[in-house]
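**Q** Quick one, structure_4.txt (compact mmCIF, C-alpha atoms):
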# COMPACT_ATOMS: atom_id res chain seq x y z
CA MET A 1 113.14 146.78 33.09
CA HIS A 2 111.03 144.31 31.13
CA VAL A 3 111.20 144.98 27.41
CA GLU A 4 109.93 141.76 25.84
CA VAL A 5 106.42 141.17 24.52
CA ALA A 6 105.27 137.57 24.66
CA ALA A 7 102.19 136.12 23.03
CA THR A 8 100.04 133.81 25.07
CA VAL A 9 102.13 132.62 27.98
CA PRO A 10 100.28 129.86 29.82
CA VAL A 11 100.72 129.46 33.53
CA ALA A 12 103.08 126.60 34.14
CA ALA A 13 102.19 123.55 36.17
CA ALA A 14 102.49 124.11 39.88
CA VAL A 15 106.01 123.92 41.21
CA PRO A 16 106.38 121.47 44.12
CA VAL A 17 106.02 123.46 47.33
CA ALA A 18 109.26 123.78 49.25
CA ALA A 19 109.20 123.29 52.98
CA ALA A 20 108.79 126.51 54.96
CA PRO A 21 111.97 127.72 56.68
CA ALA A 22 112.44 127.02 60.37
CA GLY A 23 110.41 128.98 62.90
CA GLY A 24 107.02 130.64 62.94
CA LEU A 25 105.98 133.57 60.77
CA ASP A 26 107.20 136.16 63.30
CA GLU A 27 110.60 134.51 63.58
CA ARG A 28 110.98 134.35 59.81
CA ALA A 29 109.94 138.00 59.50
CA LYS A 30 112.47 139.04 62.14
CA ARG A 31 115.25 137.40 60.14
CA VAL A 32 114.12 139.39 57.11
CA ALA A 33 113.96 142.54 59.25
CA ASP A 34 117.55 142.05 60.38
CA GLU A 35 118.64 141.86 56.75
CA ALA A 36 116.47 144.82 55.73
CA ALA A 37 117.82 147.00 58.55
CA ARG A 38 121.39 146.54 57.32
CA TYR A 39 120.55 148.15 54.00
CA ALA A 40 117.72 150.54 54.95
CA ASP A 41 119.84 153.70 54.99
CA ALA A 42 121.47 152.82 51.66
CA VAL A 43 118.06 152.07 50.10
CA ASP A 44 116.83 155.48 51.25
CA ARG A 45 119.98 157.39 50.33
CA GLU A 46 120.25 155.87 46.86
CA GLY A 47 116.52 155.70 46.19
CA ARG A 48 116.90 152.08 45.16
CA PHE A 49 114.77 148.97 45.43
CA PRO A 50 115.33 147.02 48.71
CA ALA A 51 116.65 144.03 46.77
CA GLU A 52 118.34 142.40 49.76
CA ALA A 53 115.17 142.52 51.85
CA VAL A 54 113.00 141.14 49.05
CA ALA A 55 115.52 138.35 48.43
CA ALA A 56 115.25 137.53 52.13
CA LEU A 57 111.43 137.58 51.92
CA LYS A 58 111.64 135.05 49.11
CA ALA A 59 114.18 132.93 50.97
CA GLU A 60 111.89 132.87 54.00
CA ARG A 61 108.97 132.07 51.66
CA LEU A 62 106.87 134.94 53.01
CA LEU A 63 105.47 136.13 49.67
CA GLY A 64 103.12 133.17 49.32
CA ILE A 65 101.91 132.74 52.89
CA GLN A 66 98.44 134.18 52.15
CA VAL A 67 97.78 131.62 49.41
CA PRO A 68 95.44 128.85 50.64
CA ARG A 69 97.08 125.61 51.70
CA SER A 70 95.17 123.81 48.95
CA LEU A 71 97.14 125.88 46.43
CA GLY A 72 100.53 125.47 48.09
CA GLY A 73 100.52 128.42 50.49
CA GLU A 74 100.17 128.66 54.25
CA GLY A 75 96.71 130.22 54.51
CA ALA A 76 97.96 133.14 56.62
CA SER A 77 95.29 135.51 57.93
CA MET A 78 95.22 139.27 57.44
CA SER A 79 96.09 139.71 61.12
CA GLU A 80 99.17 137.50 60.79
CA ILE A 81 100.33 139.43 57.73
CA ALA A 82 99.70 142.73 59.51
CA GLU A 83 101.99 141.62 62.33
CA LEU A 84 104.76 140.93 59.82
CA CYS A 85 104.24 144.36 58.24
CA ALA A 86 104.79 145.95 61.66
CA ILE A 87 107.95 143.90 62.25
CA LEU A 88 109.37 144.93 58.88
CA GLY A 89 108.27 148.56 59.36
CA ARG A 90 110.59 148.86 62.34
CA ALA A 91 113.54 147.90 60.14
CA CYS A 92 113.00 149.40 56.68
CA SER A 93 109.91 151.35 55.67
CA ALA A 94 110.38 150.68 51.96
CA ALA A 95 110.81 146.93 52.37
CA ALA A 96 107.76 146.81 54.65
CA MET A 97 105.68 148.79 52.17
CA VAL A 98 106.70 146.52 49.28
CA PHE A 99 105.67 143.52 51.38
CA ALA A 100 102.36 145.18 52.29
CA MET A 101 101.53 146.19 48.72
CA HIS A 102 102.34 142.69 47.49
CA HIS A 103 99.91 141.14 49.98
CA ILE A 104 97.24 143.76 49.28
CA LYS A 105 97.14 142.57 45.67
CA LEU A 106 97.43 138.94 46.67
CA ALA A 107 94.37 139.42 48.89
CA SER A 108 92.35 140.26 45.78
CA LEU A 109 93.48 137.06 44.08
CA VAL A 110 92.87 134.89 47.13
CA THR A 111 89.43 136.37 47.77
CA HIS A 112 88.18 136.51 44.21
CA GLY A 113 90.34 134.25 42.04
CA GLN A 114 89.83 130.76 43.44
CA ASP A 115 86.92 130.03 41.10
CA SER A 116 89.15 130.64 38.07
CA ALA A 117 91.41 127.80 36.95
CA TRP A 118 93.89 130.26 35.47
CA HIS A 119 94.14 132.38 38.62
CA GLY A 120 94.22 129.30 40.83
CA ALA A 121 97.24 128.06 38.91
CA LEU A 122 98.74 131.53 39.18
CA MET A 123 98.43 131.41 42.97
CA GLU A 124 100.22 128.05 42.95
CA ARG A 125 103.05 129.74 41.08
CA ILE A 126 103.11 132.67 43.51
CA ALA A 127 103.49 130.26 46.43
CA GLY A 128 105.88 127.92 44.67
CA GLU A 129 108.11 130.47 42.94
CA GLN A 130 107.64 133.36 45.39
CA LEU A 131 106.50 135.77 42.66
CA LEU A 132 106.44 139.45 43.63
CA ILE A 133 103.18 141.24 42.79
CA ALA A 134 102.86 144.94 41.93
CA SER A 135 99.77 147.06 41.36
CA SER A 136 98.74 149.38 38.54
CA THR A 137 95.63 151.32 39.56
CA THR A 138 96.64 154.96 39.03
CA GLU A 139 96.49 156.39 35.52
CA ALA A 140 97.35 159.59 33.67
CA GLY A 141 94.23 161.70 33.38
CA ILE A 142 92.52 160.37 36.54
CA GLY A 143 95.38 160.35 39.06
CA GLY A 144 94.82 158.24 42.16
CA ASP A 145 91.08 157.68 41.67
CA LEU A 146 91.34 153.89 41.64
CA ARG A 147 87.61 153.46 40.99
CA ASN A 148 87.87 154.91 37.47
CA SER A 149 89.95 153.89 34.46
CA LEU A 150 90.51 155.33 31.01
CA CYS A 151 92.35 152.35 29.52
CA ALA A 152 90.32 149.32 28.47
CA VAL A 153 90.64 145.60 27.82
CA GLU A 154 90.45 145.30 24.04
CA ALA A 155 89.33 141.82 22.97
CA GLN A 156 90.99 140.21 19.94
CA ASP A 157 90.58 136.99 17.99
CA GLY A 158 93.81 135.03 18.25
CA ALA A 159 94.95 131.71 16.82
CA ASP A 160 94.50 130.10 20.24
CA GLY A 161 91.13 131.65 20.98
CA ALA A 162 89.94 134.94 22.48
CA THR A 163 92.78 137.25 23.51
CA PHE A 164 93.14 140.87 24.54
CA ARG A 165 95.48 143.80 24.45
CA LEU A 166 95.89 146.60 26.94
CA THR A 167 97.73 149.92 26.91
CA LYS A 168 97.84 151.89 30.16
CA GLU A 169 99.56 155.19 30.95
CA ALA A 170 100.32 154.32 34.55
CA SER A 171 101.39 157.39 36.49
CA VAL A 172 102.73 155.14 39.26
CA ILE A 173 103.62 151.46 39.47
CA SER A 174 105.52 150.82 42.69
CA TYR A 175 108.54 148.57 42.01
CA GLY A 176 107.06 147.89 38.57
CA ALA A 177 110.44 147.18 37.01
CA GLN A 178 111.23 144.58 39.69
CA ALA A 179 107.84 142.83 39.89
CA ASP A 180 107.16 139.35 38.54
CA LEU A 181 103.46 140.08 38.14
CA ILE A 182 101.34 143.22 37.85
CA LEU A 183 97.62 143.41 38.64
CA ALA A 184 96.19 146.28 36.61
CA THR A 185 92.77 147.91 36.55
CA ALA A 186 91.07 148.74 33.26
CA ARG A 187 87.61 149.28 31.80
CA ARG A 188 85.89 146.00 30.96
CA HIS A 189 85.79 146.93 27.24
CA PRO A 190 86.37 150.10 25.16
CA GLY A 191 82.69 151.09 25.34
CA ALA A 192 82.38 150.63 29.09
CA ALA A 193 81.93 153.43 31.58
CA THR A 194 85.07 154.56 33.38
CA SER A 195 83.77 152.93 36.59
CA ASP A 196 83.00 149.56 34.91
CA GLN A 197 86.38 148.06 35.70
CA VAL A 198 88.08 144.69 35.85
CA LEU A 199 91.36 143.50 37.33
CA VAL A 200 93.88 141.97 34.94
CA ALA A 201 96.85 139.75 35.84
CA LEU A 202 99.93 140.46 33.73
CA LEU A 203 103.11 138.41 34.03
CA ALA A 204 106.37 140.29 33.62
CA ASP A 205 107.38 138.45 30.46
CA GLN A 206 104.03 139.24 28.82
CA ILE A 207 104.33 143.02 28.87
CA THR A 208 106.53 145.96 28.00
CA LEU A 209 107.17 148.82 30.41
CA GLU A 210 108.46 152.17 29.18
CA ARG A 211 109.46 154.43 32.05
CA THR A 212 107.77 157.84 31.82
CA SER A 213 108.67 159.35 35.21
CA VAL A 214 111.15 158.74 38.02
CA TRP A 215 110.33 158.37 41.72
CA ASP A 216 112.52 161.03 43.38
CA THR A 217 110.78 161.83 46.65
CA LEU A 218 111.17 163.01 50.22
CA GLY A 219 110.56 159.57 51.71
CA MET A 220 109.58 155.98 50.89
CA ARG A 221 112.26 156.28 48.24
CA GLY A 222 112.91 152.57 47.99
CA THR A 223 109.42 151.73 46.71
CA CYS A 224 110.66 152.93 43.29
CA SER A 225 107.18 154.07 42.28
CA ASP A 226 108.08 155.21 38.78
CA GLY A 227 105.56 155.96 36.06
CA PHE A 228 105.29 153.63 33.07
CA LEU A 229 103.57 153.15 29.76
CA LEU A 230 102.37 149.56 30.10
CA LYS A 231 101.53 147.51 27.02
CA ALA A 232 100.26 143.95 26.65
CA GLU A 233 99.28 142.22 23.43
CA GLY A 234 97.72 138.88 22.50
CA LEU A 235 97.09 137.59 26.03
CA PRO A 236 94.33 135.10 26.91
CA LEU A 237 91.11 136.59 28.24
CA ALA A 238 91.33 134.03 31.05
CA GLN A 239 93.79 136.38 32.74
CA VAL A 240 91.01 138.92 33.34
CA LEU A 241 89.16 138.44 36.63
CA GLN A 242 85.50 138.53 35.68
CA LYS A 243 84.18 139.81 39.01
CA PRO A 244 83.64 143.61 38.83
CA PHE A 245 86.55 145.53 40.32
CA ALA A 246 84.02 147.50 42.38
CA GLU A 247 83.33 144.30 44.34
CA ILE A 248 87.01 143.38 44.55
CA ALA A 249 87.87 146.83 45.91
CA ALA A 250 85.07 146.84 48.47
CA GLN A 251 85.47 143.25 49.67
CA SER A 252 89.25 142.83 49.79
CA MET A 253 91.43 145.62 48.46
CA LEU A 254 90.09 148.44 50.64
CA ALA A 255 90.47 146.46 53.86
CA ALA A 256 93.87 145.04 52.97
CA SER A 257 95.22 148.45 51.96
CA HIS A 258 94.19 150.35 55.05
CA LEU A 259 95.00 147.60 57.54
CA LEU A 260 98.38 146.58 56.11
CA TRP A 261 99.52 150.14 55.39
CA GLY A 262 98.48 151.04 58.92
CA SER A 263 100.53 148.15 60.28
CA VAL A 264 103.62 149.40 58.43
CA TRP A 265 103.10 152.88 59.89
CA PHE A 266 102.67 151.35 63.33
CA GLY A 267 106.03 149.59 62.92
CA ILE A 268 107.73 152.86 62.00
CA SER A 269 106.06 154.65 64.90
CA SER A 270 106.91 151.96 67.46
CA TYR A 271 110.56 152.11 66.41
CA ALA A 272 110.56 155.89 66.95
CA VAL A 273 108.98 155.53 70.41
CA ASP A 274 111.54 152.87 71.33
CA ARG A 275 114.36 155.23 70.32
CA ALA A 276 112.80 157.98 72.45
CA ARG A 277 112.40 155.59 75.39
CA ALA A 278 116.04 154.50 75.17
CA PHE A 279 117.12 158.15 75.08
CA VAL A 280 115.08 159.11 78.15
CA GLN A 281 116.25 156.05 80.05
CA GLY A 282 119.84 156.99 79.27
CA GLU A 283 119.25 160.52 80.55
CA ALA A 284 117.66 159.14 83.72
CA ARG A 285 120.70 156.97 84.42
CA LYS A 286 122.93 160.03 84.19
CA LYS A 287 120.91 161.90 86.83
CA PRO A 288 119.36 159.46 89.30
CA GLY A 289 116.32 160.79 91.10
CA GLN A 290 115.47 163.35 88.44
CA VAL A 291 112.80 162.97 85.77
CA PRO A 292 114.38 163.84 82.39
CA PRO A 293 112.78 166.76 80.52
CA GLY A 294 111.72 164.51 77.64
CA ALA A 295 109.81 162.05 79.83
CA LEU A 296 106.49 163.89 79.48
CA ARG A 297 106.74 163.97 75.67
CA LEU A 298 107.64 160.26 75.76
CA ALA A 299 104.50 159.54 77.79
CA GLU A 300 102.40 161.41 75.23
CA ALA A 301 103.99 159.49 72.35
CA ALA A 302 103.44 156.15 74.11
CA ASN A 303 99.82 157.08 74.72
CA GLU A 304 99.30 157.88 71.04
CA LEU A 305 101.03 154.66 70.03
CA GLN A 306 98.68 152.62 72.21
CA ALA A 307 95.66 154.36 70.68
CA MET A 308 97.07 153.74 67.20
CA LYS A 309 97.55 150.05 67.97
CA SER A 310 94.00 149.75 69.32
CA THR A 311 92.57 151.27 66.15
CA ILE A 312 94.43 148.81 63.90
CA VAL A 313 93.68 145.78 66.07
CA ALA A 314 89.98 146.68 66.20
CA GLY A 315 89.94 147.08 62.42
CA LEU A 316 91.61 143.70 61.94
CA ALA A 317 89.09 142.07 64.27
CA ARG A 318 86.19 143.59 62.31
CA TYR A 319 87.70 142.36 59.05
CA GLU A 320 88.35 138.83 60.29
CA ALA A 321 84.76 138.63 61.60
CA ALA A 322 83.33 139.82 58.26
CA LYS A 323 85.64 137.76 56.03
CA GLY A 324 83.71 135.48 53.70
CA ASP A 325 80.52 137.54 54.02
CA PRO A 326 80.22 139.80 50.93
CA ASP A 327 77.29 141.71 52.43
CA ALA A 328 79.22 142.53 55.61
CA LEU A 329 82.34 143.49 53.66
CA SER A 330 80.34 145.79 51.38
CA ALA A 331 78.30 147.39 54.17
CA ILE A 332 78.41 151.18 54.54
CA GLY A 333 79.43 150.97 58.18
CA PHE A 334 82.31 148.64 57.36
CA SER A 335 83.61 151.00 54.66
CA ILE A 336 83.39 153.97 57.01
CA MET A 337 85.29 152.02 59.68
CA LEU A 338 88.10 151.20 57.26
CA ASN A 339 88.26 154.80 56.04
CA ASN A 340 88.52 155.95 59.63
CA VAL A 341 91.32 153.47 60.32
CA LYS A 342 93.34 154.93 57.49
CA THR A 343 92.81 158.63 58.22
CA THR A 344 93.26 158.19 61.97
CA VAL A 345 96.33 155.96 61.89
CA SER A 346 98.12 157.90 59.16
CA ALA A 347 97.77 161.16 61.11
CA GLN A 348 98.80 159.50 64.37
CA ALA A 349 101.92 158.04 62.78
CA VAL A 350 103.21 161.45 61.77
CA ASP A 351 102.42 162.90 65.19
CA ILE A 352 104.10 160.05 67.07
CA VAL A 353 107.36 160.20 65.12
CA GLN A 354 107.46 163.98 65.51
CA ARG A 355 106.92 163.64 69.27
CA ALA A 356 109.70 161.05 69.45
CA LEU A 357 112.00 163.39 67.53
CA SER A 358 111.25 166.19 70.00
CA VAL A 359 112.31 163.85 72.82
CA VAL A 360 115.68 162.87 71.37
CA GLY A 361 116.33 166.32 69.95
CA ILE A 362 119.42 166.95 67.86
CA ALA A 363 120.53 163.33 68.27
CA GLY A 364 117.46 162.32 66.28
CA TYR A 365 117.79 165.14 63.76
CA LYS A 366 121.34 164.12 62.89
CA ASN A 367 122.00 161.11 60.69
CA GLY A 368 124.24 158.31 61.89
CA THR A 369 123.43 158.41 65.61
CA PRO A 370 121.77 155.63 67.64
CA PHE A 371 118.71 157.90 67.85
CA SER A 372 118.44 159.13 64.24
CA LEU A 373 114.83 159.49 63.14
CA GLY A 374 115.13 161.54 59.96
CA ARG A 375 114.44 158.61 57.64
CA GLN A 376 111.47 157.45 59.69
CA LEU A 377 109.95 160.94 59.74
CA ARG A 378 110.36 161.42 55.99
CA ASP A 379 108.89 157.98 55.30
CA VAL A 380 105.90 158.39 57.58
CA LEU A 381 105.01 161.77 56.05
CA SER A 382 103.75 159.74 53.08
CA ALA A 383 101.02 158.17 55.22
CA PRO A 384 98.36 160.92 54.91
CA LEU A 385 99.12 161.19 51.17
CA MET A 386 98.83 157.52 50.16
CA ILE A 387 95.52 157.79 49.07
CA SER A 388 94.96 161.38 50.14
CA ASN A 389 93.18 161.69 53.49
CA ASP A 390 91.09 164.49 51.99
CA ARG A 391 89.85 162.11 49.27
CA ILE A 392 89.01 159.46 51.86
CA LEU A 393 87.28 161.93 54.19
CA SER A 394 85.21 163.19 51.24
CA ASN A 395 84.16 159.60 50.52
CA THR A 396 83.30 159.07 54.19
CA ALA A 397 81.23 162.26 54.19
CA ASN A 398 79.14 160.93 51.30
CA LEU A 399 78.64 157.59 53.07
CA LEU A 400 77.59 159.32 56.29
CA LEU A 401 74.73 161.00 54.42
CA VAL A 402 72.96 157.63 54.16
CA GLN A 403 74.26 155.78 57.23
CA LYS A 404 72.17 155.16 60.32
CA GLY A 405 74.26 155.17 63.50
CA SER A 406 73.70 152.61 66.26
CA GLY A 407 75.26 154.52 69.16
CA LYS A 408 76.44 151.22 70.65
CA LEU A 409 79.91 150.72 72.11
CA LEU A 410 80.48 147.03 71.44
CA SER A 411 78.82 146.60 68.04
CA ALA A 412 79.08 148.14 64.61
What is this structure when it is put down as structure tokens?
**A**
Amino acid sequence: MHVEVAATVPVAAAVPVAAAPAGGLDERAKRVADEAARYADAVDREGRFPAEAVAALKAERLLGIQVPRSLGGEGASMSEIAELCAILGRACSAAAMVFAMHHIKLASLVTHGQDSAWHGALMERIAGEQLLIASSTTEAGIGGDLRNSLCAVEAQDGADGATFRLTKEASVISYGAQADLILATARRHPGAATSDQVLVALLADQITLERTSVWDTLGMRGTCSDGFLLKAEGLPLAQVLQKPFAEIAAQSMLAASHLLWGSVWFGISSYAVDRARAFVQGEARKKPGQVPPGALRLAEAANELQAMKSTIVAGLARYEAAKGDPDALSAIGFSIMLNNVKTTVSAQAVDIVQRALSVVGIAGYKNGTPFSLGRQLRDVLSAPLMISNDRILSNTANLLLVQKGSGKLLSA
């Protein structure tokens, strides 16, 4: 855990960009997935950070691919990153979720930080040094309501100019102790309303983290989402993104969260369906000419998986078409679409893995078999809870009160 407090720590000059490893993004992700799969059961059993998988992500230089080429990255699109989330989700849910959460936060920097010299240099470091980004949006007293904060950026007069301090009782910071950088929400100043928020970039050696709770859960154990008291002191105000967090959330974070989380859940679900398919095919080979009892359930699961895929792909297409257009990204219909992607896909994921488990039966219920699905089921049960579907549906209900529907099939 980080225990040092540094004063102003300037972003270093950009590190020369290393050549990308051999192969395309998918090939590089599959090599990471192979490494992640070897340790996935141990990560789950021990509730530990997927260190081997993250080391492989860094070795394959996949943490900086979203950074624009002008800043040393590869300019990867949201759709390309979503594909990698699905590949990793098949191997290790925790590693895939860490990768997704990292790129969700990076999306905010890429979309809203390129006009800031400080954040531009930070993105060069992320690409060059493969820095791992964590998020601090939840807070004691408000829970998971990311659009409100109690803590505030407190401006100070320092020897080197305007600085700030920040103290946040973060109820959850996923892999906070392992991150190189944390993006935290806070009120713009102590007198600001709870909804008047900004996003602050905090390097690991600029902060202290005091663990206040331990992540001991049913599934997604390797995300290590402990609670922390986060403190920063004497940091330059340049590290605060000046664009309101309300715009950042609406124009990048909301879309990235729902689409990349959904892609992880699709990866988990597709693995479960593949296990069920292999089981049914094995049963069919034992009794030629007879349709195995689980074939019908397999067909249902495959049908749901196709519908799940279509929902995510359609959402990605809508996002890519709206990218760069703040009005389109902030539109009511776009927000409703993203909310629907999350609630629909998260529920489908649970249903699909349960259907797959019913196909393979006791072989899936037991650990250590070629058809074991216990870890996948426990992990995917988190999907409707990561931001609660009830909270999202309540938000959608409010938006529907003012939306005008088009009734058209091929347009928003």
**Q** Using Å and a single decimal, report how far CA of Met337 in chain A sits from CA of Gln403 in chain A.
**A**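 Interatomic distance, CA of Gln403 in chain A to CA of Met337 in chain A: 11.9 Å.
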**Q** Go ahead and compute the interatomic distance for CA of Phe245 in chain A and CA of Gly191 in chain A, in Å to one decimal.
**A** 16.4 Å
**Q** With the cut-off set at 9 Å and counting all atoms listed in the file, tabulate each residue of range 34-123 of chain A with an atom at most that distance from an atom of range 205-221 of chain A, showing the nearest atom pair and its distance in Å to one decimal, ordered by chain and increasing number, as CSV.
**A**
residue,atom,partner,partner_atom,distance
A:Val43,CA,A:Arg221,CA,7.4
A:Asp44,CA,A:Arg221,CA,5.5
A:Arg45,CA,A:Arg221,CA,8.1
A:Glu46,CA,A:Arg221,CA,8.1
A:Gly47,CA,A:Arg221,CA,4.8
A:Arg48,CA,A:Arg221,CA,7.0
A:Phe49,CA,A:Arg221,CA,8.2
A:Ser93,CA,A:Met220,CA,6.7
A:Ala94,CA,A:Met220,CA,5.5
A:Met97,CA,A:Met220,CA,8.3
**Q** Would you please work out which residue, of A:Leu146, A:Leu254, A:Ala238, A:Leu109, is nearest to Gly315 in chain A when using all atoms listed in the file?
**A**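 When distances to Gly315 in chain A are compared using all atoms listed in the file, the smallest one comes from A:Leu254.
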**Q** Which residue out of A:Leu329, A:His102, A:Ser174, A:Ala91 has the minimum interatomic distance to Asp41 in chain A when only C-alpha atoms are used?
**A**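 Of A:Leu329, A:His102, A:Ser174, A:Ala91, the one nearest Asp41 in chain A, counting only C-alpha atoms, is A:Ala91.
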**Q** Counting all atoms listed in the file, what is within 9 Å of His112 in chain A, bar same-chain residues fewer than 6 positions away, as number ranges by chain?
**A** A: 241, 243, 248, 252
**Q** Using all atoms listed in the file, pick whichever of A:Val360, A:Ala51, A:Ala19, A:Leu166 has the shortest atom-to-atom distance to Gly374 in chain A.
**A**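 Among the listed residues, A:Val360 lies closest to Gly374 in chain A.
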**Q** Measuring atom to atom with all atoms listed in the file, identify which of A:Thr138, A:Ser372, A:Ser346, A:Gln306 is nearest to Asn389 in chain A.
**A**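 The answer is A:Ser346, which sits nearest to Asn389 in chain A.
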**Q** Would you work out the distance separating CA of Gly73 in chain A from CA of Ile133 in chain A, expressed in Å to one decimal?
**A**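 Pair CA of Gly73 in chain A / CA of Ile133 in chain A returns 15.2 Å.
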**Q** Considering only C-alpha atoms, can you say which of A:Ala201, A:Met308, A:Leu62, A:Ala134 comes closest to Ser270 in chain A?
**A** A:Met308
**Q** Counting only C-alpha atoms, figure out which residue out of A:Leu88, A:Asn148, A:Ala250, A:Asp196 gets nearest to Ala328 in chain A.
**A**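 Using only C-alpha atoms, the shortest distance to Ala328 in chain A belongs to A:Ala250.
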**Q** Might you pull out every residue within 10 Å of Ala363 in chain A, with all atoms listed in the file counted and same-chain residues fewer than 6 positions away left off, and present them as a list of chain:residue names?
**A**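 So, after excluding close chain neighbours, the residues are A:Phe279, A:Leu357, A:Thr369, A:Pro370, A:Phe371, A:Ser372, A:Leu373.
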**Q** With C-alpha atoms retained, could you export that selection as a PDB file, keeping the file's coordinate frame?
**A**
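Result saved to result.pdb:
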ATOM      1  CA  PHE A 279     117.120 158.150  75.080  1.00  0.00           C
ATOM      2  CA  LEU A 357     112.000 163.390  67.530  1.00  0.00           C
ATOM      3  CA  THR A 369     123.430 158.410  65.610  1.00  0.00           C
ATOM      4  CA  PRO A 370     121.770 155.630  67.640  1.00  0.00           C
ATOM      5  CA  PHE A 371     118.710 157.900  67.850  1.00  0.00           C
ATOM      6  CA  SER A 372     118.440 159.130  64.240  1.00  0.00           C
ATOM      7  CA  LEU A 373     114.830 159.490  63.140  1.00  0.00           C
TER       8      LEU A 373
END
**Q** Give me, as a list in words, all polymer residues having an atom no more than 8 Å from Ala107 in chain A, counting all atoms listed in the file and skipping those fewer than 5 positions away in the same chain.
**A**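 That gives Gln66, Ser252, Met253 and Ala256 of chain A.
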